[in-house]
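> Have a peek at final17.cif (mmCIF, C-alpha atoms).
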data_coords
loop_
_atom_site.label_atom_id
_atom_site.label_comp_id
_atom_site.auth_asym_id
_atom_site.auth_seq_id
_atom_site.Cartn_x
_atom_site.Cartn_y
_atom_site.Cartn_z
CA MET F 1 0.00 0.00 0.00
CA CYS F 2 2.86 2.38 0.76
CA ALA F 3 4.53 1.79 -2.61
CA LYS F 4 1.30 2.27 -4.59
CA ALA F 5 -0.11 5.18 -2.57
CA GLY F 6 -1.67 7.90 -4.68
CA HIS F 7 -0.33 10.65 -2.40
CA LYS F 8 3.35 10.38 -1.39
CA PRO F 9 4.85 13.71 -0.34
CA THR F 10 8.58 14.01 0.30
CA ALA F 11 9.84 12.57 3.56
CA LYS F 12 9.97 14.99 6.47
CA ALA F 13 10.67 14.97 10.17
CA LEU F 14 7.55 14.49 12.27
CA ASN F 15 7.49 15.81 15.82
CA GLU F 16 4.96 16.87 18.43
CA THR F 17 4.71 20.38 16.99
CA ASN F 18 3.88 19.42 13.39
CA ILE F 19 2.28 15.94 13.51
CA TYR F 20 -1.29 17.24 13.90
CA THR F 21 -0.86 19.78 11.08
CA GLU F 22 0.53 17.09 8.76
CA ILE F 23 -2.34 14.70 9.48
CA LEU F 24 -4.91 17.46 8.91
CA ALA F 25 -3.20 18.45 5.63
CA ALA F 26 -3.31 14.81 4.51
CA GLY F 27 -7.02 14.64 5.35
CA GLU F 28 -7.65 17.84 3.40
CA LEU F 29 -5.81 16.43 0.37
CA MET F 30 -7.93 13.28 0.54
CA ASP F 31 -11.10 15.38 0.85
CA ASN F 32 -10.16 17.21 -2.34
CA ALA F 33 -9.56 13.85 -4.05
CA GLU F 34 -13.16 12.92 -3.12
CA VAL F 35 -12.17 10.05 -0.85
CA PRO F 36 -15.08 9.15 1.46
CA GLU F 37 -14.64 10.51 4.98
CA THR F 38 -16.26 7.59 6.74
CA GLY F 39 -14.11 4.50 7.07
CA ARG F 40 -10.70 6.16 6.81
CA VAL F 41 -7.96 4.61 8.94
CA LEU F 42 -4.83 6.34 10.25
CA VAL F 43 -1.95 3.86 10.55
CA VAL F 44 1.00 4.81 12.78
CA THR F 45 4.03 3.20 14.40
CA PRO F 46 4.37 3.14 18.19
CA THR F 47 6.97 5.93 17.90
CA ILE F 48 4.61 8.21 15.96
CA TYR F 49 1.78 7.25 18.34
CA ALA F 50 3.93 8.42 21.26
CA THR F 51 4.68 11.64 19.36
CA MET F 52 0.94 12.13 18.85
CA LYS F 53 0.34 11.72 22.58
CA LYS F 54 2.88 14.50 23.26
CA CYS F 55 1.13 16.89 20.85
CA LYS F 56 -1.05 19.29 22.83
CA ASP F 57 -3.36 19.91 19.84
CA ILE F 58 -4.14 16.21 19.43
CA VAL F 59 -4.73 15.64 23.12
CA MET F 60 -7.31 18.43 23.12
CA GLU F 61 -8.94 17.63 19.75
CA THR F 62 -9.35 13.85 19.79
CA ASP F 63 -12.81 12.31 19.40
CA ILE F 64 -12.56 10.13 22.49
CA GLY F 65 -14.30 9.99 25.80
CA ASN F 66 -12.90 11.71 28.86
CA GLU F 67 -12.15 8.37 30.49
CA LEU F 68 -9.95 7.27 27.57
CA ARG F 69 -8.26 10.68 27.49
CA LEU F 70 -7.28 10.25 31.14
CA GLN F 71 -5.81 6.83 30.27
CA GLY F 72 -3.75 8.36 27.45
CA VAL F 73 -5.50 6.56 24.57
CA ILE F 74 -5.88 8.10 21.12
CA ALA F 75 -8.58 6.04 19.44
CA MET F 76 -9.86 8.49 16.83
CA LEU F 77 -8.46 11.58 15.20
CA ASP F 78 -10.32 13.81 12.74
CA GLY F 79 -12.92 11.08 12.26
CA MET F 80 -10.32 8.39 11.47
CA ASN F 81 -9.70 5.29 13.55
CA VAL F 82 -6.08 5.27 14.76
CA GLN F 83 -4.38 1.91 14.21
CA LYS F 84 -1.00 1.36 15.88
CA ILE F 85 1.13 -1.25 14.06
CA PRO F 86 4.61 -2.47 15.16
CA ALA F 87 7.40 -0.81 13.17
CA ASN F 88 8.91 -4.15 12.10
CA ARG F 89 5.74 -4.85 10.06
CA LEU F 90 5.99 -1.54 8.17
CA PRO F 91 8.52 -0.08 5.71
CA THR F 92 11.65 1.65 7.02
CA ASN F 93 11.09 5.34 7.82
CA PHE F 94 7.31 4.89 8.00
CA GLY F 95 5.62 8.02 9.32
CA PHE F 96 1.89 7.57 8.93
CA MET F 97 -0.60 6.38 6.36
CA ILE F 98 -4.23 7.32 5.85
CA ALA F 99 -6.16 4.77 3.85
CA HIS F 100 -9.73 4.06 2.89
CA PRO F 101 -10.73 0.38 2.42
CA CYS F 102 -12.02 1.09 -1.10
CA ALA F 103 -8.42 1.46 -2.33
CA THR F 104 -7.35 -2.15 -1.80
CA VAL F 105 -8.61 -5.66 -2.28
CA ALA F 106 -7.37 -8.70 -0.39
CA PRO F 107 -8.30 -11.86 -2.28
CA THR F 108 -7.64 -15.42 -1.21
CA LYS F 109 -5.11 -16.71 -3.72
CA LEU F 110 -4.95 -20.31 -2.51
CA GLU F 111 -7.13 -22.34 -0.25
CA ASP F 112 -6.32 -26.02 0.09
CA TYR F 113 -7.46 -28.62 2.63
CA THR F 114 -6.71 -32.31 3.03
CA VAL F 115 -8.60 -34.67 5.34
CA HIS F 116 -6.76 -37.71 6.71
CA GLU F 117 -9.04 -40.42 8.09
CA ASN F 118 -7.71 -42.11 11.25
CA PRO F 119 -4.02 -41.14 10.93
CA PRO F 120 -1.50 -42.86 13.24
CA GLY F 121 -1.72 -41.53 16.79
CA ILE F 122 -5.06 -39.76 16.33
CA SER F 123 -8.56 -41.13 16.56
CA GLY F 124 -10.85 -39.55 13.96
CA SER F 125 -10.11 -37.14 11.14
CA LEU F 126 -7.11 -34.85 10.84
CA VAL F 127 -7.55 -31.79 8.65
CA GLU F 128 -4.50 -30.03 7.22
CA GLY F 129 -4.82 -26.86 5.26
CA ARG F 130 -3.25 -23.68 4.04
CA ILE F 131 -4.61 -20.37 2.95
CA CYS F 132 -2.59 -17.76 1.07
CA TYR F 133 -3.76 -14.17 0.95
CA ASP F 134 -2.53 -11.20 -1.06
CA ALA F 135 -3.38 -7.52 -1.30
CA PHE F 136 -3.59 -5.20 -4.28
CA VAL F 137 -4.07 -1.46 -4.64
CA LEU F 138 -6.62 -0.62 -7.31
CA ASP F 139 -5.08 1.82 -9.80
CA ASN F 140 -8.20 3.95 -10.09
CA LYS F 141 -8.53 4.17 -6.27
CA ALA F 142 -4.88 4.85 -5.36
CA LYS F 143 -5.75 8.43 -4.37
CA ALA F 144 -7.52 6.95 -1.34
CA ILE F 145 -4.10 6.20 0.21
CA TYR F 146 -1.83 8.89 1.68
CA TYR F 147 1.63 7.75 2.79
CA GLN F 148 3.98 10.07 4.66
CA ALA F 149 7.52 8.82 5.25
CA VAL F 150 9.83 10.35 7.84
CA SER F 151 13.25 11.61 6.88
CA ALA F 152 16.13 9.37 7.94
CA THR F 153 17.91 10.56 11.05
#
Go through the file and emit its structure as structure tokens.


Amino acid sequence: MCAKAGHKPTAKALNETNIYTEILAAGELMDNAEVPETGRVLVVTPTIYATMKKCKDIVMETDIGNELRLQGVIAMLDGMNVQKIPANRLPTNFGFMIAHPCATVAPTKLEDYTVHENPPGISGSLVEGRICYDAFVLDNKAKAIYYQAVSAT
């Protein structure tokens, strides 16, 4: 999704003073590209999530209950669900990504099952199987993905 994103500005440093402005600018760009507002997801690393928690604008503007605010949780920002993903599952220098589900499809490429009747050591049936998934960005919907990388330090 990061490689095929329709909006990929140049990498920049993200800190607690500019993170909220950058996320709002990304949302505005997606609004102008006519991406639906409902269903958008903001994907961040734990490092960026911690930066967001330090930002005074985000702490005051989040769409969360007072109880969650006291616990330090950012669940929603500018109408987008915030999804924290470990950095080792994301590209190097990942900043944040805003995506709408309409931009990607995730088909099942392979689904295979085998049933073994009364195998040695087991009474009954043993089912073995594998499922392979993939994901594709639709070319005509790529504008529904905004990917902001951080500059290397």

> Counting all atoms listed in the file, which residue out of F:Cys102, F:Val35, F:Val41, F:Cys132 sits closest to F:Gln83?

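Checking each candidate against F:Gln83, we get F:Val41 as the closest.
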
> Return as JSON the box centre and box size in Å, one decimal, for an axis-aligned box around all listed atoms of stretch 127-145 of chain F padded by 6 Å per side.


{"center_x": -5.5, "center_y": -11.7, "center_z": -0.7, "size_x": 18.0, "size_y": 52.2, "size_z": 30.7}

> From the list F:Leu126, F:Ile98, F:Met80, F:Ile131, which residue is nearest F:Gly39 when using only C-alpha atoms?

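The answer is F:Met80, which sits nearest to F:Gly39.
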
> Rank F:Cys55, F:Ile85, F:Ala103, F:Val43 by their smallest atom-to-atom distance to F:Leu14, using only C-alpha atoms, and report the top residue only.

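Smallest distance to F:Leu14 is found for F:Cys55.
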
> At what distance in Å, to one decimal, does atom CA of F:Glu34 lie from atom CA of F:Val137?

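Straight-line distance from atom CA of F:Val137 to atom CA of F:Glu34 works out to 17.1 Å.
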
> Check what the PyMOL selection byres ((chain F and resi 42) around 12) selects in the file above and give those residues as a PyMOL selection string.

chain F and resi 23-24+26-27+37+39-41+43-45+48-49+52+74-85+95-101+144-148

> Grab the atom CA of F:Glu22 to atom CA of F:Asn93 distance for me, in Å with one decimal place.

15.8 Å

> Taking into account only C-alpha atoms, which residue in the set F:Leu29, F:Asn88, F:Arg130, F:Val105 is nearest to F:Lys8?

F:Leu29

> Might you pull out every residue within 6 Å of F:Ser151, with all atoms listed in the file counted and same-chain residues fewer than 2 positions away left off, and present them as JSON, numbers by chain?

{"F": [11, 12, 13]}

> Atom CA of F:Ala142 and atom CA of F:Met30 are how many Å apart?

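Taking atom CA of F:Ala142 and atom CA of F:Met30, their separation equals 10.7 Å.
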
> F:Lys109, F:Lys53, F:His7, F:His116: which is nearest F:Phe136, counting all atoms listed in the file?

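Under the stated criterion, the closest residue is F:Lys109.
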
> Just checking: using all atoms listed in the file, which residue out of F:Asn18, F:Lys143, F:Ala149, F:Ala50 ends up closest to F:Pro36?

F:Lys143

> Spell out the residues picked by the PyMOL selection byres ((chain F and resi 129) around 6) here, as a ChimeraX atom specification.

/F:112-113,128,130

> Find the spatial neighbours of F:Asp139, counting all atoms listed in the file, within a cut-off of 10 Å - ignore same-chain residues fewer than 6 positions away - and output them as a ChimeraX atom specification.

/F:4-6,103-104

> Any chance you can output those residues with C-alpha atoms as an mmCIF file, in the frame of the given file?


data_model
loop_
_atom_site.group_PDB
_atom_site.id
_atom_site.type_symbol
_atom_site.label_atom_id
_atom_site.label_comp_id
_atom_site.auth_asym_id
_atom_site.auth_seq_id
_atom_site.Cartn_x
_atom_site.Cartn_y
_atom_site.Cartn_z
ATOM 1 C CA LYS F 4 1.300 2.270 -4.590
ATOM 2 C CA ALA F 5 -0.110 5.180 -2.570
ATOM 3 C CA GLY F 6 -1.670 7.900 -4.680
ATOM 4 C CA ALA F 103 -8.420 1.460 -2.330
ATOM 5 C CA THR F 104 -7.350 -2.150 -1.800
#

> Show me, as an MDAnalysis selection string, the residues that have an atom within 9 Å of F:Ala106 when counting all atoms listed in the file, minus same-chain residues fewer than 6 positions from it.

chainID F and resid 133:136

> So which residues touch F:Asp57 within 10 Å, counting all atoms listed in the file, skipping near sequence neighbours fewer than 5 positions away, as a JSON list (two decimals) with C-alpha atoms, keeping the file's coordinate frame?


[["chain", "number", "residue", "atom", "x", "y", "z"],
["F", 16, "GLU", "CA", 4.96, 16.87, 18.43],
["F", 17, "THR", "CA", 4.71, 20.38, 16.99],
["F", 18, "ASN", "CA", 3.88, 19.42, 13.39],
["F", 19, "ILE", "CA", 2.28, 15.94, 13.51],
["F", 20, "TYR", "CA", -1.29, 17.24, 13.90],
["F", 21, "THR", "CA", -0.86, 19.78, 11.08],
["F", 52, "MET", "CA", 0.94, 12.13, 18.85],
["F", 62, "THR", "CA", -9.35, 13.85, 19.79]]
